[in-house]
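Colleague: Right, I'll just put the structure down here and ask away after.
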Amino acid sequence: MQPSSATPSLTPVEVLQAELRELYEEAGRPSTRTVASRSDGRISHDTVHRVLHRGVDSGAPRWETVEALVAALGGDRARFWELWVRCQEIVAATNDRGRGADSSDSADERAVDHDTSGGWPVTSLLGRLRSAVRQEVLGLGTTVRYPANTLLVEQGTKVGHVLVILSGAVMVVTRDDDGDEMVLEIIGSGSTVGEAEVVGHEPCFASAVTCGAVVVRRVASDEFLRLLYRRNDVLVALLGVLNDRLRWAYARQRDFLAHTAVERVARVLVELLREHGREEEEGWALKLPLTRIELASMAGMKPRTAERAFGALRKAGVVRYHARRDVLVPDLSALSRLAYH
């Protein structure tokens, strides 16, 4: 890529967007649908248009969006990562300067804030917050990138920080007395890891491992607790997230008592695909590198039972094994009917 024509007076967000547009021009101005197709389903053509042509008032896109767009256009991932991190650092510095004042919003400010999820998953912590509060949370701590299969927290240890996931996903796992590993849940972008342990001052009840590359804001425990004392809306949003996790756990317990192994693994797969899946030419696939054993463990199955359950799903034609994907679902509706008949 040639040096950007962006002037030094531009903000980091403006520089990032100028570089993205320049990359788009150098790629021959492909259609937004072509770019979306090249991204292997990671971004839609509407997202491509919004990122390339929206105004800077909306801030920098999420990293996973930038990463997918850069890859689809053949750009330098490392360079754009540096540009994106610079945008986050400016947000953090701005919020730091403003923390000396009272951070509570007036009724008028709340009335005019019509932002909803801001592009984050609506059930995540960040997706539940108003724009101004979300930016305050994103300004905490420092940005850290972890490669795939990194142990973030270890079962039985105490943590001194909370991780706010900016992109990627984290697998929460535990081991039983036989040494078999069980996946308890998947935590995606916009949510947190370690918040329950920090609030409860308890050791971690499970380990957390990255599913692929993950980018987080690493926030010190004291700083996170001060946020909760200062921002009741963050506390309420966090309670909503924890309530969803508790409901997920209750649902798995109920399924264990009332449904067959095949139905249980089908239900887990349907729910994961709805939140972490993408539709490809041959069907639905998870964006997460989970094995069949790991998927079935979320339904409370041992490895041997897991293989039998997936074998039955494959025989029923609702699941296929795939060279590039551990599991491929040709028809999500058919799998849903089997799971919830």
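Within each chain, counting starts at residue 1; across the structure tokens, chains are named A, B, ... in the order shown, with ligands numbered 1 upward in that order.
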Would you mind listing what lies within 10 Å of Leu335 (chain A) as a PyMOL selection string, with only C-alpha atoms counted and same-chain residues fewer than 2 positions away left out?

Modeller: chain A and resi 263+266-267+269-270+313+316-319+329-333+337-341

Colleague: Using only C-alpha atoms, which protein or nucleic acid residues come within 8 Å of region 166-174 of chain A? Drop anything in the same chain fewer than 5 positions from it, and give the result as a PyMOL selection string.

Modeller: chain A and resi 62-64+155+181-190+205-217+288

Colleague: Considering only C-alpha atoms, can you say which of A:Arg175, A:Tyr229, A:Leu286, A:Gly141 comes closest to Gly156 (chain A)?

Modeller: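 For Gly156 (chain A), the nearest of the candidates is A:Arg175.
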
Colleague: Tell me which protein, DNA and RNA residues are within 10 Å of His53 (chain A), counting only C-alpha atoms, leaving out same-chain ones fewer than 5 positions away, and put them as a short mmCIF file (atom, residue, chain, number, x, y, z; two decimals) with N, CA, C and O atoms, in the first residue's frame.

Modeller:
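Okay, part-v6.cif is ready:
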data_model
loop_
_atom_site.label_atom_id
_atom_site.label_comp_id
_atom_site.auth_asym_id
_atom_site.auth_seq_id
_atom_site.Cartn_x
_atom_site.Cartn_y
_atom_site.Cartn_z
N GLN A 17 -10.21 5.10 8.86
CA GLN A 17 -11.21 5.04 7.81
C GLN A 17 -10.63 5.48 6.46
O GLN A 17 -10.98 4.93 5.42
N LEU A 20 -8.71 2.52 5.16
CA LEU A 20 -9.61 1.48 4.67
C LEU A 20 -10.16 1.85 3.29
O LEU A 20 -10.24 0.99 2.39
N ARG A 21 -10.52 3.10 3.12
CA ARG A 21 -11.03 3.53 1.82
C ARG A 21 -9.95 3.46 0.75
O ARG A 21 -10.21 3.10 -0.40
N THR A 47 -22.55 -4.28 6.09
CA THR A 47 -21.46 -3.87 6.98
C THR A 47 -20.31 -3.27 6.19
O THR A 47 -19.72 -2.26 6.59
N VAL A 48 -19.99 -3.87 5.05
CA VAL A 48 -18.92 -3.34 4.19
C VAL A 48 -19.24 -1.90 3.79
O VAL A 48 -18.40 -1.00 3.88
#

Colleague: Write out as a tab-separated table (two decimals) with C-alpha atoms, in the first residue's frame the residues lying within 9 Å of Ala60 (chain A), counting only C-alpha atoms and excluding same-chain residues fewer than 2 positions away.

Modeller:
chain	number	residue	atom	x	y	z
A	12	PRO	CA	-6.96	8.15	14.64
A	13	VAL	CA	-10.49	7.11	13.63
A	14	GLU	CA	-10.31	9.32	10.54
A	16	LEU	CA	-8.23	4.33	10.02
A	17	GLN	CA	-11.21	5.04	7.81
A	51	VAL	CA	-17.63	0.81	7.34
A	56	VAL	CA	-16.46	9.26	11.66
A	57	ASP	CA	-18.96	10.29	14.33
A	58	SER	CA	-19.86	6.64	14.83
A	62	ARG	CA	-14.98	-3.44	15.95
A	63	TRP	CA	-11.66	-5.15	15.30
A	66	VAL	CA	-11.85	-4.40	10.37
A	84	TRP	CA	-7.26	0.21	15.34
A	87	CYS	CA	-8.22	4.45	18.11
A	88	GLN	CA	-8.89	2.53	21.33

Colleague: When you look at Leu23 (chain A) with a cut-off of 9 Å (counting only C-alpha atoms), what residues show up, excluding the ones that are within fewer than 6 positions of it in the same chain? I need them as an MDAnalysis selection string.

Modeller: chainID A and resid 1 29 70 73:75

Colleague: Write the selection just made, keeping C-alpha atoms, as a short mmCIF file (atom, residue, chain, number, x, y, z; two decimals), in the first residue's frame?

Modeller:
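The resulting file, part.cif, is shown below:
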data_model
loop_
_atom_site.label_atom_id
_atom_site.label_comp_id
_atom_site.auth_asym_id
_atom_site.auth_seq_id
_atom_site.Cartn_x
_atom_site.Cartn_y
_atom_site.Cartn_z
CA MET A 1 0.00 0.00 0.00
CA ARG A 29 -13.43 -0.92 -5.88
CA VAL A 70 -8.77 -6.00 5.43
CA LEU A 73 -9.31 -6.59 0.34
CA GLY A 74 -5.83 -8.11 0.61
CA GLY A 75 -4.47 -5.55 3.06
#

Colleague: DSSP on the backbone, strand (DSSP E or B) only: what residues of region 79-282 of chain A does that give? Format it as a CSV table (one decimal) with N, CA and C atoms, in the first residue's frame.

Modeller:
chain,number,residue,atom,x,y,z
A,142,THR,N,-6.2,-1.7,29.5
A,142,THR,CA,-5.3,-1.7,28.4
A,142,THR,C,-5.7,-2.7,27.4
A,143,THR,N,-5.4,-2.5,26.1
A,143,THR,CA,-5.8,-3.5,25.1
A,143,THR,C,-4.7,-4.6,25.0
A,144,VAL,N,-5.1,-5.8,25.0
A,144,VAL,CA,-4.2,-7.0,24.9
A,144,VAL,C,-4.8,-8.0,23.9
A,145,ARG,N,-3.9,-8.5,23.1
A,145,ARG,CA,-4.2,-9.5,22.1
A,145,ARG,C,-3.7,-10.9,22.6
A,146,TYR,N,-4.5,-11.9,22.5
A,146,TYR,CA,-4.1,-13.3,22.9
A,146,TYR,C,-4.2,-14.2,21.7
A,151,LEU,N,-4.5,-19.9,27.8
A,151,LEU,CA,-5.1,-20.0,29.1
A,151,LEU,C,-5.2,-18.6,29.7
A,152,LEU,N,-6.4,-18.0,29.8
A,152,LEU,CA,-6.6,-16.7,30.4
A,152,LEU,C,-6.7,-16.7,31.9
A,153,VAL,N,-7.5,-17.6,32.4
A,153,VAL,CA,-7.6,-17.7,33.9
A,153,VAL,C,-7.6,-19.2,34.1
A,161,HIS,N,-7.9,-9.1,37.7
A,161,HIS,CA,-8.4,-8.3,36.6
A,161,HIS,C,-9.7,-8.9,36.0
A,162,VAL,N,-10.3,-8.1,35.2
A,162,VAL,CA,-11.5,-8.5,34.4
A,162,VAL,C,-11.1,-8.3,32.9
A,163,LEU,N,-11.5,-9.2,32.1
A,163,LEU,CA,-11.2,-9.1,30.7
A,163,LEU,C,-12.5,-8.7,29.9
A,164,VAL,N,-12.5,-7.6,29.2
A,164,VAL,CA,-13.7,-7.2,28.4
A,164,VAL,C,-13.3,-7.6,26.9
A,165,ILE,N,-14.1,-8.6,26.4
A,165,ILE,CA,-13.7,-9.1,25.1
A,165,ILE,C,-14.2,-8.2,24.0
A,166,LEU,N,-13.2,-7.7,23.2
A,166,LEU,CA,-13.4,-6.8,22.1
A,166,LEU,C,-13.7,-7.6,20.8
A,167,SER,N,-13.0,-8.7,20.6
A,167,SER,CA,-13.3,-9.6,19.4
A,167,SER,C,-12.8,-11.0,19.8
A,168,GLY,N,-13.5,-12.0,19.1
A,168,GLY,CA,-13.2,-13.4,19.4
A,168,GLY,C,-14.1,-13.9,20.5
A,169,ALA,N,-13.8,-15.1,20.9
A,169,ALA,CA,-14.6,-15.8,21.9
A,169,ALA,C,-13.7,-16.6,22.9
A,170,VAL,N,-14.2,-16.8,24.1
A,170,VAL,CA,-13.5,-17.5,25.1
A,170,VAL,C,-14.3,-18.7,25.6
A,171,MET,N,-13.7,-19.8,25.8
A,171,MET,CA,-14.3,-21.1,26.2
A,171,MET,C,-14.1,-21.3,27.7
A,172,VAL,N,-15.1,-21.4,28.5
A,172,VAL,CA,-15.0,-21.7,29.9
A,172,VAL,C,-15.1,-23.2,30.1
A,173,VAL,N,-14.0,-23.7,30.7
A,173,VAL,CA,-13.9,-25.2,30.8
A,173,VAL,C,-13.6,-25.6,32.3
A,174,THR,N,-14.0,-26.8,32.6
A,174,THR,CA,-13.6,-27.4,33.9
A,174,THR,C,-13.3,-28.9,33.7
A,175,ARG,N,-12.7,-29.5,34.7
A,175,ARG,CA,-12.4,-30.9,34.6
A,175,ARG,C,-13.1,-31.7,35.7
A,181,GLU,N,-12.5,-33.1,30.3
A,181,GLU,CA,-12.7,-31.7,30.2
A,181,GLU,C,-14.2,-31.4,29.8
A,182,MET,N,-14.8,-30.5,30.4
A,182,MET,CA,-16.2,-30.1,30.1
A,182,MET,C,-16.3,-28.6,29.8
A,183,VAL,N,-16.9,-28.3,28.6
A,183,VAL,CA,-17.1,-26.9,28.3
A,183,VAL,C,-18.4,-26.4,28.9
A,184,LEU,N,-18.3,-25.4,29.7
A,184,LEU,CA,-19.5,-24.9,30.4
A,184,LEU,C,-20.2,-23.8,29.6
A,185,GLU,N,-19.5,-23.0,28.9
A,185,GLU,CA,-20.1,-22.0,28.1
A,185,GLU,C,-19.1,-21.3,27.2
A,186,ILE,N,-19.6,-20.6,26.2
A,186,ILE,CA,-18.8,-19.8,25.3
A,186,ILE,C,-19.1,-18.3,25.6
A,187,ILE,N,-18.1,-17.5,25.9
A,187,ILE,CA,-18.3,-16.0,26.1
A,187,ILE,C,-17.8,-15.3,24.9
A,192,THR,N,-17.7,-10.2,29.4
A,192,THR,CA,-16.5,-10.2,30.3
A,192,THR,C,-16.1,-11.6,30.8
A,193,VAL,N,-14.9,-11.7,31.2
A,193,VAL,CA,-14.4,-12.9,31.8
A,193,VAL,C,-13.7,-12.5,33.2
A,207,SER,N,-11.7,-22.7,34.3
A,207,SER,CA,-10.6,-22.1,33.5
A,207,SER,C,-11.3,-21.4,32.3
A,208,ALA,N,-10.5,-20.4,31.7
A,208,ALA,CA,-11.0,-19.8,30.5
A,208,ALA,C,-9.9,-19.8,29.4
A,209,VAL,N,-10.2,-20.3,28.2
A,209,VAL,CA,-9.3,-20.5,27.2
A,209,VAL,C,-9.8,-19.8,25.9
A,210,THR,N,-8.9,-19.2,25.2
A,210,THR,CA,-9.3,-18.5,23.9
A,210,THR,C,-9.7,-19.5,22.8
A,211,CYS,N,-10.8,-19.1,22.1
A,211,CYS,CA,-11.2,-19.9,20.9
A,211,CYS,C,-10.7,-19.1,19.7
A,212,GLY,N,-9.5,-19.4,19.2
A,212,GLY,CA,-9.0,-18.5,18.2
A,212,GLY,C,-8.4,-17.3,18.8
A,213,ALA,N,-7.9,-16.3,18.0
A,213,ALA,CA,-7.3,-15.1,18.4
A,213,ALA,C,-8.4,-14.2,19.1
A,214,VAL,N,-8.0,-13.6,20.2
A,214,VAL,CA,-8.9,-12.8,21.0
A,214,VAL,C,-8.3,-11.5,21.4
A,215,VAL,N,-9.0,-10.4,21.3
A,215,VAL,CA,-8.6,-9.1,21.7
A,215,VAL,C,-9.5,-8.6,22.9
A,216,VAL,N,-8.8,-8.1,23.9
A,216,VAL,CA,-9.6,-7.7,25.1
A,216,VAL,C,-9.1,-6.4,25.6
A,217,ARG,N,-9.9,-5.8,26.5
A,217,ARG,CA,-9.4,-4.7,27.4
A,217,ARG,C,-9.2,-5.4,28.8
A,218,ARG,N,-8.0,-5.3,29.3
A,218,ARG,CA,-7.7,-5.9,30.5
A,218,ARG,C,-7.8,-4.8,31.6
A,219,VAL,N,-8.8,-5.0,32.5
A,219,VAL,CA,-9.1,-4.0,33.5
A,219,VAL,C,-8.8,-4.5,34.9
A,220,ALA,N,-8.0,-3.8,35.7
A,220,ALA,CA,-7.7,-4.2,37.0
A,220,ALA,C,-8.9,-4.3,37.9
A,277,GLY,N,-22.8,-18.7,14.8
A,277,GLY,CA,-22.8,-19.4,13.5
A,277,GLY,C,-22.8,-18.5,12.4
A,278,ARG,N,-22.5,-19.0,11.2
A,278,ARG,CA,-22.7,-18.2,10.0
A,278,ARG,C,-23.1,-19.2,8.9
A,279,GLU,N,-23.9,-18.7,8.0
A,279,GLU,CA,-24.4,-19.5,6.9
A,279,GLU,C,-23.4,-19.5,5.7
A,280,GLU,N,-23.0,-20.7,5.3
A,280,GLU,CA,-22.1,-20.8,4.2
A,280,GLU,C,-22.9,-21.5,3.0

Colleague: Could you name the residues that touch Ala36 (chain A) at 10 Å or less, counting only C-alpha atoms, but leaving out those on the same chain fewer than 2 positions away, as a count of residues only?

Modeller: 21

Colleague: Using only C-alpha atoms for the distances, tell me which of A:Met298, A:Leu238, A:Ala306, A:Ala249 is nearest to Ala261 (chain A).

Modeller: A:Ala306
